[in-house]
Amino acid sequence: MAAPSNPPRAVVIGGGIGGLTAAVALHRRGWRVTVLERARSLAPVGAAISLAPNSLRALDVIGLGDGIRALAAWQGDGGLRTPKGRWLSRSSAAAAAERFGGPLVLLHRATLVDALTARLPEDRVRTSAPATLADPGDADRPARVTTPGGEWEADLVVAADGIHSAVRRTLFPQHPGLAYAGFTTWRVVIPVPGVEFASHETWGRGRIWGTHPLKDGRVYAYAAAVTPAGQHAPDDEKAELVRLFGDWHEPIPAVLAAARPEDVLRHDVHHIAEPLPAHHRGRVALLGDAAHAMPPTLGQGGNQAIEDAIVLAHHAPDLAAYTAARLPRTTAVARQAVKVARLNMMSNRAGMAVRDAVIAALSKAGPALLLRGFDGIADWRPPGQPYASEQTPAGQQ
């Protein structure tokens with residue numbers, strides 16, 4: 001089908017995973033899309049991202065799902081452990097894939113960014129281009145975005161400008177904004193030669209650690225600890241991790257030994273505790289962390305941004321329909337992430353003992369019981385034809 005002679009114009013503020021997914025999805029629907037990214041390059045500041053079956057189905061819509069699924073590295077057993085190494089629960093990649101219709105894929109964010117960028121014409125992404133929303137527009141006038149290089153008018157502005165979104169504050173100045181979640185996180189992606197391990201997450205007293213393999217042979221590890229906001233290690237963050245986790249079970253000490261101080265990223269966790277009244281205003285749609293930042297305890301932040309992007313492209317330019325489709329779902333997922341954070345970051349010893357006993361009992365009763373927490377999340381399916389990928393039969397969407 002020939003492209004319209006005067007296609008609608010979309011401007012995406014932010015070249016992260018959510019913004020790029022929206023750009024690709026809108027481009028496939030015939031929009032003229034420009035991505036404005038303030039950084040000098042699209043190289044993501046971060047480590048790995050976990051893509052669950054829900055976001056992989058969303059990526060099917062733009063023809064990327066199967067390529068990303070091929071990067072799945074978790075093939076065998078895994079589960080939840082105590083700091084001394086005792087398994088509280090066991091699970092498997094096969095059981096999760098069977099329940100939710102697909103694998104869980106861990107990959108470096110740069111891999112996904114590169115795959116998304118390759119789906120856009122070369123002139124559609126502009127770096128070193130900080131953007132400010134000047135006018136959200138309405139039914140009778142376009143939205144306006146200003147940059148140091150000039151002004152843009154758009155039929156749609158996609159605000160994918162992250163957790164500290166300036167666009168969100170412009171659209172909803174009365175909203176209370178971000179709240180500190182009560183804990184900080186560390187992340188590292190490094191090679192750890194000669195170390196074999198089962199994919200796991202370990203829960204301690206107000207602390208958690210996760211170690212997972214990547215397809216390229218590297219290891220993705222993350223940690224979290226309850227701490228006041230704004231704290232930093234007196235020496236370096238690797239040393240802080242050694243103090244907090246150095247006596248936990250293997251392979252944690254091996255990962256710490258292989259890491260350099262500069263490999264470790266630390267970020268306090270903030271979230272939008274009070275949902276926004278809408279995910280749009282005028283001709284502007286908020287997406288991802290800009291709309292519904294949540295704790296990482298479900299691993300759904302990036303997944304929900306990808307869902308947002310695909311649903312937005314499906315409904316555009318009807319942004320009221322976008323809000324109606326996304327606000328209830330993202331609010332529910334965010335609340336679930338907060339509940340999980342209270343559980344796995346627990347510091348009360350008596351409460352921890354009860355928690356661990358319940359988890360162990362559920363695991364013995366049947367591993368599938370522990371997967372139920374992702375029912376309604378990982379089994380989500382995107383809007384169907386006519387926007388699905390040519391590679392994905394309609395019956396599998």
# chains A, B, ... in the order shown; residues from 1 in each chain; ligands from 1
call {"tool": "residues_around", "arguments": {"residues": "Lys364 (chain A)", "least_positions_apart": "4", "cutoff": "10 Å", "atoms": "only C-alpha atoms", "output": "ChimeraX atom specification"}}
result
/A:88-90,358-360,369
call {"tool": "select_by_dssp", "arguments": {"residues": "region 69-165 of chain A", "states": "strand (DSSP E)", "output": "JSON, numbers by chain"}}
result
{"A": [77, 78, 79, 80, 81, 87, 88, 89, 90, 91, 92, 105, 106, 107, 108, 125, 126, 132, 133, 134, 135, 143, 144, 145, 146, 147, 150, 151, 152, 153, 154, 156, 157, 158, 159]}
call {"tool": "select_by_dssp", "arguments": {"residues": "region 189-260 of chain A", "states": "helix (DSSP H, G or I)", "output": "list of chain:residue names"}}
result
A:Glu237, A:Lys238, A:Ala239, A:Glu240, A:Leu241, A:Val242, A:Arg243, A:Leu244, A:Phe245, A:Ile252, A:Pro253, A:Ala254, A:Val255, A:Leu256, A:Ala257, A:Ala258
call {"tool": "closest_atom_pairs", "arguments": {"of": "region 280-366 of chain A", "to": "region 54-68 of chain A", "cutoff": "8 Å", "atoms": "only C-alpha atoms", "output": "JSON lines"}}
result
{"residue": "A:Asn303", "atom": "CA", "partner": "A:Ser55", "partner_atom": "CA", "distance": 5.0}
{"residue": "A:Gln304", "atom": "CA", "partner": "A:Ser55", "partner_atom": "CA", "distance": 7.2}
{"residue": "A:Ile306", "atom": "CA", "partner": "A:Ser55", "partner_atom": "CA", "distance": 6.0}
{"residue": "A:Glu307", "atom": "CA", "partner": "A:Ala58", "partner_atom": "CA", "distance": 5.9}
{"residue": "A:Ile310", "atom": "CA", "partner": "A:Ala58", "partner_atom": "CA", "distance": 6.3}
call {"tool": "write_last_selection", "arguments": {"atoms": "N, CA and C atoms", "output": "mmCIF file, in the first residue's frame"}}
result
data_model
loop_
_atom_site.group_PDB
_atom_site.id
_atom_site.type_symbol
_atom_site.label_atom_id
_atom_site.label_comp_id
_atom_site.auth_asym_id
_atom_site.auth_seq_id
_atom_site.Cartn_x
_atom_site.Cartn_y
_atom_site.Cartn_z
ATOM 1 N N ASN A 303 9.103 -3.533 30.199
ATOM 2 C CA ASN A 303 8.049 -4.298 29.535
ATOM 3 C C ASN A 303 6.787 -3.461 29.357
ATOM 4 N N GLN A 304 6.428 -2.705 30.398
ATOM 5 C CA GLN A 304 5.233 -1.878 30.293
ATOM 6 C C GLN A 304 5.438 -0.722 29.323
ATOM 7 N N ILE A 306 7.196 -0.915 26.586
ATOM 8 C CA ILE A 306 7.034 -1.520 25.258
ATOM 9 C C ILE A 306 5.559 -1.746 24.962
ATOM 10 N N GLU A 307 4.818 -2.238 25.946
ATOM 11 C CA GLU A 307 3.366 -2.377 25.766
ATOM 12 C C GLU A 307 2.740 -1.026 25.430
ATOM 13 N N ILE A 310 3.257 0.027 21.758
ATOM 14 C CA ILE A 310 2.473 -0.699 20.762
ATOM 15 C C ILE A 310 1.004 -0.310 20.833
#
call {"tool": "residues_around", "arguments": {"residues": "Arg281 (chain A)", "least_positions_apart": "3", "cutoff": "12 Å", "atoms": "only C-alpha atoms", "output": "ChimeraX atom specification"}}
result
/A:133,135-139,143,156-159,167-172,276-278,284-286,291,317-320,322-323
call {"tool": "residues_around", "arguments": {"residues": "region 36-47 of chain A", "least_positions_apart": "3", "cutoff": "8 Å", "atoms": "only C-alpha atoms", "output": "PyMOL selection string"}}
result
chain A and resi 11-16+108-110+113+125-131+187-189+220+265
call {"tool": "atom_distance", "arguments": {"atom1": "CA of Pro234 (chain A)", "atom2": "CA of Pro261 (chain A)"}}
result
12.6 Å
call {"tool": "closest_atom_pairs", "arguments": {"of": "region 206-272 of chain A", "to": "region 76-84 of chain A", "cutoff": "10 Å", "atoms": "only C-alpha atoms", "output": "tab-separated table"}}
result
residue	atom	partner	partner_atom	distance
A:Arg207	CA	A:Pro83	CA	9.6
A:Ile208	CA	A:Pro83	CA	8.8
A:Trp209	CA	A:Pro83	CA	8.9
A:Gly210	CA	A:Leu80	CA	9.1
A:His212	CA	A:Gly78	CA	9.2
A:Phe245	CA	A:Pro83	CA	8.4
A:Asp247	CA	A:Pro83	CA	8.1
A:Trp248	CA	A:Pro83	CA	4.9
A:His249	CA	A:Lys84	CA	5.3
A:Glu250	CA	A:Lys84	CA	8.9
A:Ile252	CA	A:Pro83	CA	9.6
call {"tool": "write_last_selection", "arguments": {"atoms": "C-alpha atoms", "output": "PDB file, in the first residue's frame"}}
result
ATOM      1  CA  ARG A 207      18.611  -6.937  50.815  1.00  0.00           C
ATOM      2  CA  ILE A 208      18.300  -8.939  47.613  1.00  0.00           C
ATOM      3  CA  TRP A 209      20.733 -10.186  44.986  1.00  0.00           C
ATOM      4  CA  GLY A 210      20.130 -11.717  41.553  1.00  0.00           C
ATOM      5  CA  HIS A 212      21.533 -14.463  35.668  1.00  0.00           C
ATOM      6  CA  PHE A 245      26.907  -9.357  50.034  1.00  0.00           C
ATOM      7  CA  ASP A 247      29.608 -13.509  52.575  1.00  0.00           C
ATOM      8  CA  TRP A 248      26.543 -14.703  50.662  1.00  0.00           C
ATOM      9  CA  HIS A 249      26.504 -17.968  48.717  1.00  0.00           C
ATOM     10  CA  GLU A 250      28.337 -18.603  45.449  1.00  0.00           C
ATOM     11  CA  ILE A 252      27.964 -13.963  44.457  1.00  0.00           C
TER      12      ILE A 252
END
call {"tool": "closest_residue", "arguments": {"among": "A:Asp289, A:Asp140, A:Asp375, A:Glu151", "to": "Leu178 (chain A)", "atoms": "only C-alpha atoms"}}
result
A:Asp289
call {"tool": "closest_residue", "arguments": {"among": "A:Pro213, A:Gly149, A:Pro383, A:Gly351", "to": "Ser199 (chain A)", "atoms": "only C-alpha atoms"}}
result
A:Pro213
